[in-house]
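To start, the structure under review is shown below, and the notes come after it.
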Amino acid sequence: MAETPHQASRQRQAKVMTAAAGSAGRAVVPLLLCALLAPCAAYVLDDSAGLGREFDGIGAVSGGGATSRLLINYSEPYRSEILDYLFKPNFGASLHILKVEIGGDGQTTDGTEPSHMHYTLDENYFRGYEWWLMKEAKKRNPDITLIGLPWSFPGWLGKGFNWPYVNLELTAYYIVSWILGAKRYHDLDIDYIGIWNERSFDSNYIKVLRRMLNTQGLQKVKIIASDNLWEPISTSMLLDSALWKVIDVIGAHYPGTHTVRNAQLTQKKLWSSEDFSTLNSDVGAGCWGRILNQNYINGYMTSTIAWNLVASYYEQLPYGRCGLMTAQEPWSGHYVVESPIWVTAHTTQFTQPGWYYLKTVGHLEKGGSYVALTDGLGNLTIIVETMSHKHSTCIRPFLPYYNVSHQLATFTLKGSFSDIPELQVWYTKLAKPLERTLFKQLDSLWKLPPVFPSSSMTLTSHHLRPCAVFAVQLDDSGGRFTLDLQEDELFTLTTLTTGRKGSHPLPPKSQSFPLSYKDDFNVDYPFFSEPPNFADQTGVFEYYTNIEDKGEHHYTLRQVLNQRPITWTADAANTISIIGDYHWSDLTIQCDVYIETLNRGGVFIAGRVNKGGILIRSARGVFFWIFSNGSFRVTGDLAGWITYTAGSVEVTAKVWYTLTLIIKGSLSSGMLNGKPLWTNIHVNYPKNGWAAIGTHSFEFAQFDNFHVEATRS
């Protein structure tokens with residue numbers, strides 16, 4: 001016969017009876033003292049009047065852009081360990097939702113992600129790494145929700161315009177093809193699809209997309225709009241019943257825990273479909289803990305999705321270390337399980353999509369908040385946070401000042417929860433290192449027999465401060481417990497007993513990028529389309545097989561875009577991929593290059609590149625260019641505004657050349673095929689930066705035998 005929750009609770013209770021009896025008297029006195037010193041505020045958790053909104057889950061974004069770029073380069077077992085901390089149920093963050101970028105070939109914050117359709121008749125559903133990441137997430141949690149959202153689009157969709165809505169059917173076909181490809185080639189079912197990240201929506205396009213989804217048998221795929229602000233999408237839906245009908249979720253970004261009246265009037269699900277984007281320090285963890293509760297309390301948002309999943313990109317790119325954890329050293333295997341992982345676990349390990357919030361949620365009297373959720377089958381999870389203003393400020397939006405102070409909070413369980421026999425307790429304290437506690441299981445709360453004083457039982461968590469006492473009181477009004485709350489704390493109290501603070505052996509120690517690095521790109525059947533550690537910032541650089549060249553350059557790296565994409569941000573006019581250590585100062589870069597475009601083509605190698613991501617257009621460094629018209633240039637920036645030297649050289653298209661760039665101190669020199677082309681040019685700025693390769697425009701070109709020898713500044 002199956003064991004009931006009450007029976008299981010009594011068995012666990014019996015194991016601690018002796019200890020509880022010994023501590024009961026000691027616990028009551030501090031509780032009374034605390035009550036005298038700081039009167040308790042009272043809160044009721046009750047389902048008698050019905051439940052609140054359905055909970056849709058907590059998730060994170062991979063992409064927007066290239067935020068998981070370095071993750072795929074980790075060797076085992078470290079890569080799988082990182083994935084466990086993100087997705088494995090009852091282990092770490094245990095995410096309910098994974099949202100990925102539908103690669104569109106454009107720069108989307110920290111790099112570009114390749115499209116499945118670079119050109120009109122091109123289809124390839126194995127480019128990039130988001131397919132792999134979704135499969136790894138599903139492997140660990142088959143029930144995880146998958147979302148796709150485009151940031152940029154391949155240029156051919158715009159027909160000469162930087163706009164994806166020129167041909168609505170064509171753009172819808174492009175998106176639906178991605179969804180169908182996910183299923184056909186990877187057996188992935190996409191649950192939700194977005195419109196255009198943080199950019200304009202077209203109401204007619206959304207309707208066309210819905211019709212095309214339906215005609216392709218994708219009725220179960222739901223639409224989120226518009227992944228921007230609450231307005232104007234909410235008002236548009238209220239004024240257009242056909243638009244209202246095809247949108248399932250209103251998704252807003254960085255809502256500051258608040259919504260708007262018109263969004264609520266739609267009666268649609270409301271999500272914070274991108275949030276957080278804050279340094280993953282304890283302040284970032286505090287930000288995350290606060291908004292996970294208050295997005296629902298203040299704004300009725302039933303899902304919150306963090307940007308980004310894992311900081312797996314070079315740290316000096318924009319928004320460095322703004323992931324739930326950090327994994328930016330595949331060459332060493334080092335990674336860091338940051339505090340936002342364990343703040344996430346306070347919610348995700350003890351809830352599931354399909355649970356419901358209680359109506360009785362809200363703010364604490366002296367700062368902080370509490371939510372409670374139930375599965376409707378007797379389980380209850382309560383999450384209490386007291387994140388201070390100083391230690392929970394997100395990167396955006398502005399957070400008005402508020403105060404959090406020491407308080408006693410008494411919670412009374414009523415309705416169907418009054419008979420709960422036991423609550424598991426998990427605790428986090430974000431503070432100075434000596435006081436810091438992350439996701440620690442404390443003593444459970446019990447309903448114990450009335451053989452103890454006053455027909456009640458109290459149990460002390462001895463490792464906490466003396467007044468951190470929990471009591472469950474037996475009376476007609478149901479269970480009651482009191483929490484002694486200081487600032488920057490997080491409590492989860494739950495009937496679920498499956499919580500776990502998972503762990504793997506410590507990863508290797510942190511190491512800098514190797515000072516000597518080579519890649520000949522000789523990979524016959526690459527597992528990923530991009531070589532390790534190169535981070536494309538404009539354009540797309542992919543492994544390439546030269547069918548016509550069976551010799552040294554049979555396998556190369558090729559820039560494959562011949563048209564500027566429909567951009568999300570200010571992509572450079574030139575394509576560029578960076579690699580290495582931002583602190584590299586003196587370095588020698590050598591690479592074989594092959595210009596494919598006659599007369600107008602050009603390529604470069606570069607060192608000390610100091611900017612990337614959304615700032616790539618203004619990147620400075622030392623750039624050594626050769627052009628198929630028989631010229632060369634050395635510039636101090638990617639855009640070519642600063643020219644150090646220029647001249648003529650015997651260079652043409654369709655021929656392999658070896659470029660060498662030497663930078664030492666304030667001087668630089670360059671060689672073509674081993675012969676000096678220019679020497680001792682003064683380059684005073686910048687002092688350090690990445691190495692890079694690239695092309696003059698969106699053009700085909702190839703690179704081979706890349707080699708760097710460097711020193712750090």
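Just remember, in the structure tokens the first chain shown is A, the second B, etc., residues are 1-based per chain, and ligands are 1-based in the order shown.
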_So that I can check the secondary structure, give me every residue of segment 372-551 of chain A assigned strand (DSSP E or B) by backbone DSSP, as an MDAnalysis selection string._
chainID A and resid 372:374 380:385 407:413 422:429 437:446 456:460 469:473 480:485 489:494 516:519 535:538 541:545
I want to know what sits within 10 Å of Pro397 of chain A, based on only C-alpha atoms, with residues of the same chain fewer than 4 positions away left out; could you give that as a PDB file with C-alpha atoms, in the first residue's frame?
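Wrote it out as out.pdb, contents follow:
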```
ATOM      1  CA  HIS A 253      11.319  42.892 -21.049  1.00  0.00           C
ATOM      2  CA  TYR A 254      12.720  44.357 -17.826  1.00  0.00           C
ATOM      3  CA  PRO A 255       9.296  45.419 -16.506  1.00  0.00           C
ATOM      4  CA  GLY A 256      10.611  46.446 -13.073  1.00  0.00           C
ATOM      5  CA  THR A 257       8.090  43.979 -11.515  1.00  0.00           C
ATOM      6  CA  ASP A 275      14.854  40.051 -17.176  1.00  0.00           C
ATOM      7  CA  PHE A 276      17.923  40.157 -14.911  1.00  0.00           C
ATOM      8  CA  THR A 393      19.554  46.519  -7.685  1.00  0.00           C
TER       9      THR A 393
END
```
*asked:* as JSON, numbers by chain, please: the residues near segment 530-542 of chain A (cut-off 9 Å, only C-alpha atoms, same-chain neighbours under 6 positions excluded).
replied: {"A": [66, 69, 70, 72, 73, 105, 106, 107, 108, 109, 110, 111, 112, 113, 114, 127, 128, 129, 313, 314, 330, 331, 519, 521, 556, 557, 558, 559, 560, 561, 562, 564, 565, 571, 572, 573, 574, 575, 576, 577, 578, 579, 580, 612, 613, 614, 616, 692, 694, 695, 698, 702]}
For N, CA and C atoms, I'd like the residues from the last selection saved as a compact mmCIF listing (two decimals), in the first residue's frame.
```
# COMPACT_ATOMS: atom_id res chain seq x y z
N ALA A 66 24.95 35.10 -28.80
CA ALA A 66 26.15 34.27 -28.70
C ALA A 66 26.64 34.14 -27.27
N ARG A 69 28.49 30.82 -26.48
CA ARG A 69 29.48 30.52 -27.52
C ARG A 69 30.62 29.62 -27.03
N LEU A 70 31.15 29.88 -25.85
CA LEU A 70 32.31 29.13 -25.38
C LEU A 70 31.93 27.82 -24.70
N ILE A 72 30.22 25.23 -25.70
CA ILE A 72 30.37 24.03 -26.51
C ILE A 72 31.82 23.57 -26.61
N ASN A 73 32.75 24.48 -26.33
CA ASN A 73 34.17 24.13 -26.46
C ASN A 73 34.74 23.43 -25.23
N ASP A 105 22.29 35.65 -38.28
CA ASP A 105 23.55 36.10 -38.88
C ASP A 105 24.00 37.49 -38.43
N GLY A 106 23.22 38.15 -37.57
CA GLY A 106 23.57 39.50 -37.17
C GLY A 106 24.10 39.57 -35.74
N GLN A 107 24.78 40.68 -35.44
CA GLN A 107 25.27 40.95 -34.09
C GLN A 107 24.08 41.21 -33.17
N THR A 108 24.03 40.47 -32.05
CA THR A 108 22.86 40.59 -31.19
C THR A 108 23.20 40.77 -29.70
N THR A 109 24.34 41.26 -29.40
CA THR A 109 24.82 41.75 -28.10
C THR A 109 26.29 41.38 -27.90
N ASP A 110 26.60 40.08 -27.90
CA ASP A 110 27.98 39.64 -27.67
C ASP A 110 28.54 38.83 -28.83
N GLY A 111 27.83 38.84 -29.93
CA GLY A 111 28.30 38.10 -31.09
C GLY A 111 27.16 37.80 -32.04
N THR A 112 27.50 37.11 -33.12
CA THR A 112 26.49 36.69 -34.09
C THR A 112 26.20 35.20 -33.92
N GLU A 113 24.99 34.80 -34.26
CA GLU A 113 24.63 33.39 -34.30
C GLU A 113 24.15 33.06 -35.71
N PRO A 114 24.62 31.95 -36.27
CA PRO A 114 24.32 31.66 -37.68
C PRO A 114 22.87 31.28 -37.92
N ARG A 127 23.76 24.20 -38.00
CA ARG A 127 24.65 25.32 -37.71
C ARG A 127 24.48 25.78 -36.27
N GLY A 128 25.57 26.30 -35.74
CA GLY A 128 25.48 26.87 -34.40
C GLY A 128 25.40 25.80 -33.33
N TYR A 129 24.96 26.22 -32.17
CA TYR A 129 24.99 25.34 -30.99
C TYR A 129 23.67 25.33 -30.24
N TYR A 313 30.99 33.63 -22.75
CA TYR A 313 31.54 34.51 -23.77
C TYR A 313 32.66 35.29 -23.12
N TYR A 314 33.53 35.87 -23.91
CA TYR A 314 34.66 36.60 -23.34
C TYR A 314 34.16 37.70 -22.41
N PRO A 330 36.88 27.45 -21.59
CA PRO A 330 36.91 26.06 -22.07
C PRO A 330 38.33 25.51 -22.17
N TRP A 331 39.31 26.37 -22.37
CA TRP A 331 40.70 25.90 -22.48
C TRP A 331 41.22 25.35 -21.16
N ASP A 519 45.44 26.87 -34.92
CA ASP A 519 44.29 26.12 -35.44
C ASP A 519 44.44 26.03 -36.96
N PHE A 521 42.22 24.16 -38.73
CA PHE A 521 40.84 23.93 -39.19
C PHE A 521 40.69 22.63 -39.97
N THR A 556 39.36 24.62 -44.41
CA THR A 556 39.65 26.01 -44.04
C THR A 556 38.53 26.57 -43.18
N LEU A 557 38.69 27.83 -42.82
CA LEU A 557 37.63 28.59 -42.16
C LEU A 557 37.16 29.64 -43.15
N ARG A 558 35.85 29.71 -43.36
CA ARG A 558 35.32 30.61 -44.40
C ARG A 558 34.29 31.57 -43.82
N GLN A 559 34.42 32.84 -44.23
CA GLN A 559 33.35 33.82 -43.94
C GLN A 559 32.30 33.63 -45.02
N VAL A 560 31.04 33.33 -44.57
CA VAL A 560 30.06 32.80 -45.52
C VAL A 560 28.93 33.77 -45.87
N LEU A 561 28.92 34.96 -45.31
CA LEU A 561 27.85 35.90 -45.64
C LEU A 561 28.27 36.80 -46.81
N ASN A 562 27.40 36.93 -47.79
CA ASN A 562 27.66 37.85 -48.90
C ASN A 562 26.65 38.98 -48.95
N ARG A 564 24.59 41.88 -46.08
CA ARG A 564 24.39 42.37 -44.72
C ARG A 564 23.05 41.87 -44.19
N PRO A 565 23.03 41.33 -42.97
CA PRO A 565 21.75 40.83 -42.43
C PRO A 565 20.81 41.98 -42.06
N ASP A 571 25.69 46.55 -36.49
CA ASP A 571 26.75 45.68 -36.99
C ASP A 571 27.80 46.51 -37.72
N ALA A 572 29.03 46.02 -37.74
CA ALA A 572 30.08 46.70 -38.48
C ALA A 572 29.85 46.55 -39.98
N ALA A 573 30.52 47.39 -40.77
CA ALA A 573 30.47 47.24 -42.22
C ALA A 573 31.39 46.13 -42.68
N ASN A 574 32.30 45.72 -41.79
CA ASN A 574 33.26 44.65 -42.09
C ASN A 574 32.92 43.44 -41.23
N THR A 575 33.25 42.26 -41.69
CA THR A 575 33.06 41.08 -40.84
C THR A 575 34.30 40.89 -39.98
N ILE A 576 34.11 40.33 -38.79
CA ILE A 576 35.23 40.16 -37.86
C ILE A 576 34.91 39.07 -36.85
N SER A 577 35.92 38.25 -36.56
CA SER A 577 35.82 37.25 -35.50
C SER A 577 37.02 37.41 -34.59
N ILE A 578 36.77 37.49 -33.29
CA ILE A 578 37.84 37.71 -32.32
C ILE A 578 38.20 36.40 -31.62
N ILE A 579 39.39 36.39 -31.02
CA ILE A 579 39.83 35.21 -30.30
C ILE A 579 40.93 35.60 -29.33
N GLY A 580 41.01 34.86 -28.21
CA GLY A 580 42.17 35.00 -27.33
C GLY A 580 41.89 35.68 -26.02
N GLY A 612 34.00 44.74 -28.78
CA GLY A 612 33.22 43.74 -29.50
C GLY A 612 31.76 43.90 -29.16
N GLY A 613 30.96 42.93 -29.57
CA GLY A 613 29.53 42.97 -29.28
C GLY A 613 28.87 44.16 -29.95
N ILE A 614 27.94 44.77 -29.23
CA ILE A 614 27.20 45.91 -29.78
C ILE A 614 28.07 47.13 -30.01
N ILE A 616 31.06 46.89 -31.64
CA ILE A 616 32.08 46.44 -32.59
C ILE A 616 32.40 47.49 -33.64
N ALA A 692 42.25 38.95 -34.08
CA ALA A 692 41.05 38.89 -34.91
C ALA A 692 41.40 38.61 -36.36
N GLY A 694 39.16 38.87 -40.39
CA GLY A 694 37.92 39.38 -40.95
C GLY A 694 38.05 39.77 -42.40
N THR A 695 36.97 40.34 -42.93
CA THR A 695 36.91 40.74 -44.34
C THR A 695 36.52 42.20 -44.46
N PHE A 698 30.85 42.28 -46.57
CA PHE A 698 30.16 40.99 -46.49
C PHE A 698 30.49 40.23 -47.78
N GLN A 702 38.52 33.07 -47.16
CA GLN A 702 38.95 31.91 -46.38
C GLN A 702 40.21 32.20 -45.59
```
*Which neighbours of Leu86 of chain A fall inside 8 Å, counting only C-alpha atoms, when residues of the same chain fewer than 6 positions from it are skipped, and could you give them as a PyMOL selection string?*
chain A and resi 92-95+309+341
*asked:* Just want the 9 Å neighbourhood of Asn162 of chain A, counted on only C-alpha atoms, with same-chain residues fewer than 4 positions away dropped. Output as number ranges by chain.
replied: A: 155, 157-158, 564-567
*May I have the residues within 6 Å of segment 280-290 of chain A as a list in words, using only C-alpha atoms and disregarding those fewer than 4 positions away in the same chain?*
Cys322, Ser339, Pro340, Val343, Met387, His391, Ser392, Thr393 and Cys394 of chain A
*Taking into account only C-alpha atoms, which residue in the set A:Leu146, A:Ser273, A:Leu380, A:Gly194 is nearest to Ile247 of chain A?*
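Of A:Leu146, A:Ser273, A:Leu380, A:Gly194, the one nearest Ile247 of chain A is A:Gly194, counting only C-alpha atoms.
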*Go through A:Ser713, A:Ala619, A:Leu399, A:Thr347 one by one, measure the shortest atom-to-atom distance of each to Asn90 of chain A using only C-alpha atoms, and give the residue with the smallest value.*
A:Thr347
_With only C-alpha atoms as the counted atoms, please give the residues lying no more than 12 Å from Ile82 of chain A, apart from itself and same-chain residues fewer than 6 positions off, as a PyMOL selection string._
chain A and resi 68+70-72+74-76+88+91-94+133+136-137+140+309-312+324-328+330+333-338+341+502-507
Export, as a short mmCIF file (atom, residue, chain, number, x, y, z; two decimals), in the first residue's frame, the selected residues with N, CA, C and O atoms.
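Produced file again31.cif, reproduced below:
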```cif
data_model
loop_
_atom_site.label_atom_id
_atom_site.label_comp_id
_atom_site.auth_asym_id
_atom_site.auth_seq_id
_atom_site.Cartn_x
_atom_site.Cartn_y
_atom_site.Cartn_z
N SER A 68 26.26 31.66 -25.25
CA SER A 68 26.71 30.30 -24.91
C SER A 68 27.86 29.86 -25.81
O SER A 68 28.18 28.68 -25.89
N LEU A 70 31.15 29.88 -25.85
CA LEU A 70 32.31 29.13 -25.38
C LEU A 70 31.93 27.82 -24.70
O LEU A 70 32.78 26.96 -24.50
N LEU A 71 30.65 27.66 -24.35
CA LEU A 71 30.22 26.46 -23.62
C LEU A 71 30.49 25.19 -24.41
O LEU A 71 30.94 24.18 -23.86
N ILE A 72 30.22 25.23 -25.70
CA ILE A 72 30.37 24.03 -26.51
C ILE A 72 31.82 23.57 -26.61
O ILE A 72 32.09 22.42 -26.94
N TYR A 74 33.97 23.35 -24.14
CA TYR A 74 34.43 22.64 -22.95
C TYR A 74 34.56 21.15 -23.23
O TYR A 74 33.74 20.57 -23.93
N SER A 75 35.58 20.57 -22.67
CA SER A 75 35.73 19.12 -22.75
C SER A 75 34.92 18.46 -21.64
O SER A 75 34.51 19.11 -20.68
N GLU A 76 34.69 17.18 -21.78
CA GLU A 76 34.01 16.42 -20.74
C GLU A 76 35.01 16.06 -19.64
O GLU A 76 36.20 15.91 -19.90
N LYS A 88 19.41 20.03 -14.78
CA LYS A 88 19.05 18.78 -14.12
C LYS A 88 18.06 19.03 -12.99
O LYS A 88 18.31 19.84 -12.10
N PHE A 91 18.75 19.55 -8.71
CA PHE A 91 20.21 19.50 -8.64
C PHE A 91 20.79 20.90 -8.48
O PHE A 91 21.55 21.17 -7.56
N GLY A 92 20.44 21.80 -9.39
CA GLY A 92 20.93 23.18 -9.33
C GLY A 92 19.81 24.12 -9.67
O GLY A 92 18.78 24.14 -9.01
N ALA A 93 20.00 24.92 -10.73
CA ALA A 93 18.94 25.86 -11.13
C ALA A 93 17.67 25.15 -11.56
O ALA A 93 16.58 25.70 -11.45
N SER A 94 17.79 23.94 -12.10
CA SER A 94 16.62 23.12 -12.44
C SER A 94 15.59 23.91 -13.24
O SER A 94 14.40 23.93 -12.93
N LEU A 133 22.22 22.61 -27.54
CA LEU A 133 21.87 23.02 -26.18
C LEU A 133 20.46 22.60 -25.82
O LEU A 133 20.20 22.11 -24.71
N GLU A 136 20.45 18.93 -25.05
CA GLU A 136 21.05 18.65 -23.75
C GLU A 136 20.09 19.00 -22.62
O GLU A 136 20.01 18.30 -21.60
N ALA A 137 19.36 20.10 -22.78
CA ALA A 137 18.37 20.47 -21.77
C ALA A 137 17.26 19.43 -21.69
O ALA A 137 16.85 19.01 -20.60
N ARG A 140 18.15 16.20 -19.90
CA ARG A 140 18.11 16.27 -18.44
C ARG A 140 16.70 16.48 -17.91
O ARG A 140 16.36 15.99 -16.84
N LEU A 309 21.49 32.68 -19.77
CA LEU A 309 21.60 31.35 -19.18
C LEU A 309 22.94 31.14 -18.49
O LEU A 309 23.00 30.77 -17.31
N VAL A 310 24.01 31.32 -19.25
CA VAL A 310 25.36 31.07 -18.72
C VAL A 310 26.31 32.04 -19.41
O VAL A 310 26.28 32.19 -20.63
N ALA A 311 27.14 32.69 -18.63
CA ALA A 311 28.11 33.65 -19.18
C ALA A 311 29.25 32.87 -19.81
O ALA A 311 30.29 32.63 -19.19
N SER A 312 29.04 32.46 -21.05
CA SER A 312 30.02 31.66 -21.78
C SER A 312 30.50 32.45 -23.00
O SER A 312 30.39 32.00 -24.14
N LEU A 324 23.46 33.26 -15.25
CA LEU A 324 23.16 32.63 -13.96
C LEU A 324 24.40 31.98 -13.37
O LEU A 324 24.53 31.85 -12.16
N MET A 325 25.32 31.53 -14.24
CA MET A 325 26.62 31.03 -13.79
C MET A 325 27.65 31.42 -14.83
O MET A 325 27.31 31.99 -15.88
N THR A 326 28.92 31.15 -14.56
CA THR A 326 30.00 31.59 -15.44
C THR A 326 30.78 30.38 -15.96
O THR A 326 31.20 29.53 -15.17
N ALA A 327 30.93 30.32 -17.28
CA ALA A 327 31.72 29.24 -17.90
C ALA A 327 32.41 29.83 -19.12
O ALA A 327 31.96 29.66 -20.25
N GLN A 328 33.50 30.56 -18.89
CA GLN A 328 34.15 31.31 -19.95
C GLN A 328 35.59 30.88 -20.20
O GLN A 328 36.36 31.59 -20.83
N PRO A 330 36.88 27.45 -21.59
CA PRO A 330 36.91 26.06 -22.07
C PRO A 330 38.33 25.51 -22.17
O PRO A 330 38.53 24.29 -22.07
N GLY A 333 38.84 24.42 -18.49
CA GLY A 333 37.78 23.62 -17.86
C GLY A 333 37.18 24.29 -16.64
O GLY A 333 36.25 23.76 -16.02
N HIS A 334 37.67 25.48 -16.29
CA HIS A 334 37.20 26.17 -15.10
C HIS A 334 35.81 26.77 -15.32
O HIS A 334 35.51 27.29 -16.40
N TYR A 335 34.96 26.67 -14.32
CA TYR A 335 33.66 27.33 -14.33
C TYR A 335 33.29 27.66 -12.89
O TYR A 335 33.90 27.16 -11.94
N VAL A 336 32.30 28.54 -12.73
CA VAL A 336 31.89 28.97 -11.39
C VAL A 336 30.38 28.86 -11.27
O VAL A 336 29.63 29.41 -12.10
N VAL A 337 29.94 28.13 -10.27
CA VAL A 337 28.50 28.02 -9.97
C VAL A 337 28.16 29.23 -9.10
O VAL A 337 28.38 29.23 -7.90
N GLU A 338 27.64 30.27 -9.73
CA GLU A 338 27.41 31.54 -9.04
C GLU A 338 26.13 31.49 -8.20
O GLU A 338 25.27 30.62 -8.38
N ILE A 341 22.40 30.77 -9.34
CA ILE A 341 21.95 29.38 -9.54
C ILE A 341 21.14 28.93 -8.33
O ILE A 341 20.05 28.33 -8.47
N GLY A 502 22.83 19.94 -5.47
CA GLY A 502 23.71 19.05 -6.20
C GLY A 502 25.13 19.57 -6.26
O GLY A 502 25.39 20.77 -6.11
N SER A 503 26.05 18.68 -6.50
CA SER A 503 27.44 19.09 -6.60
C SER A 503 28.22 18.12 -7.47
O SER A 503 27.88 16.94 -7.57
N HIS A 504 29.25 18.63 -8.09
CA HIS A 504 30.24 17.85 -8.80
C HIS A 504 31.60 18.16 -8.20
O HIS A 504 31.75 19.14 -7.46
N PRO A 505 32.61 17.34 -8.48
CA PRO A 505 33.95 17.69 -8.01
C PRO A 505 34.34 19.09 -8.48
O PRO A 505 33.88 19.56 -9.53
N LEU A 506 35.19 19.76 -7.72
CA LEU A 506 35.61 21.09 -8.10
C LEU A 506 36.23 21.08 -9.49
O LEU A 506 37.01 20.19 -9.82
N PRO A 507 35.90 22.06 -10.32
CA PRO A 507 36.50 22.11 -11.66
C PRO A 507 37.97 22.52 -11.57
O PRO A 507 38.44 22.96 -10.51
#
```
_A:Thr711, A:Asn204, A:Asn599, A:Ser48 ranked by distance to Lys687 of chain A, top pick (using only C-alpha atoms)_ =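 Between A:Thr711, A:Asn204, A:Asn599, A:Ser48, the residue approaching Lys687 of chain A most closely is A:Thr711.
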*Quick one: pick out all helix (DSSP H, G or I) residues within segment 83-278 of chain A from a backbone DSSP run and write them as a ChimeraX atom specification.*
/A:83-87,130-140,155-158,168-186,203-215,233-239,241-246,261-265
*Just give me the gap between atom CA of Tyr517 of chain A and atom CA of Glu315 of chain A in Å, one decimal is fine.*
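Computing it gives 19.1 Å between the two atoms.
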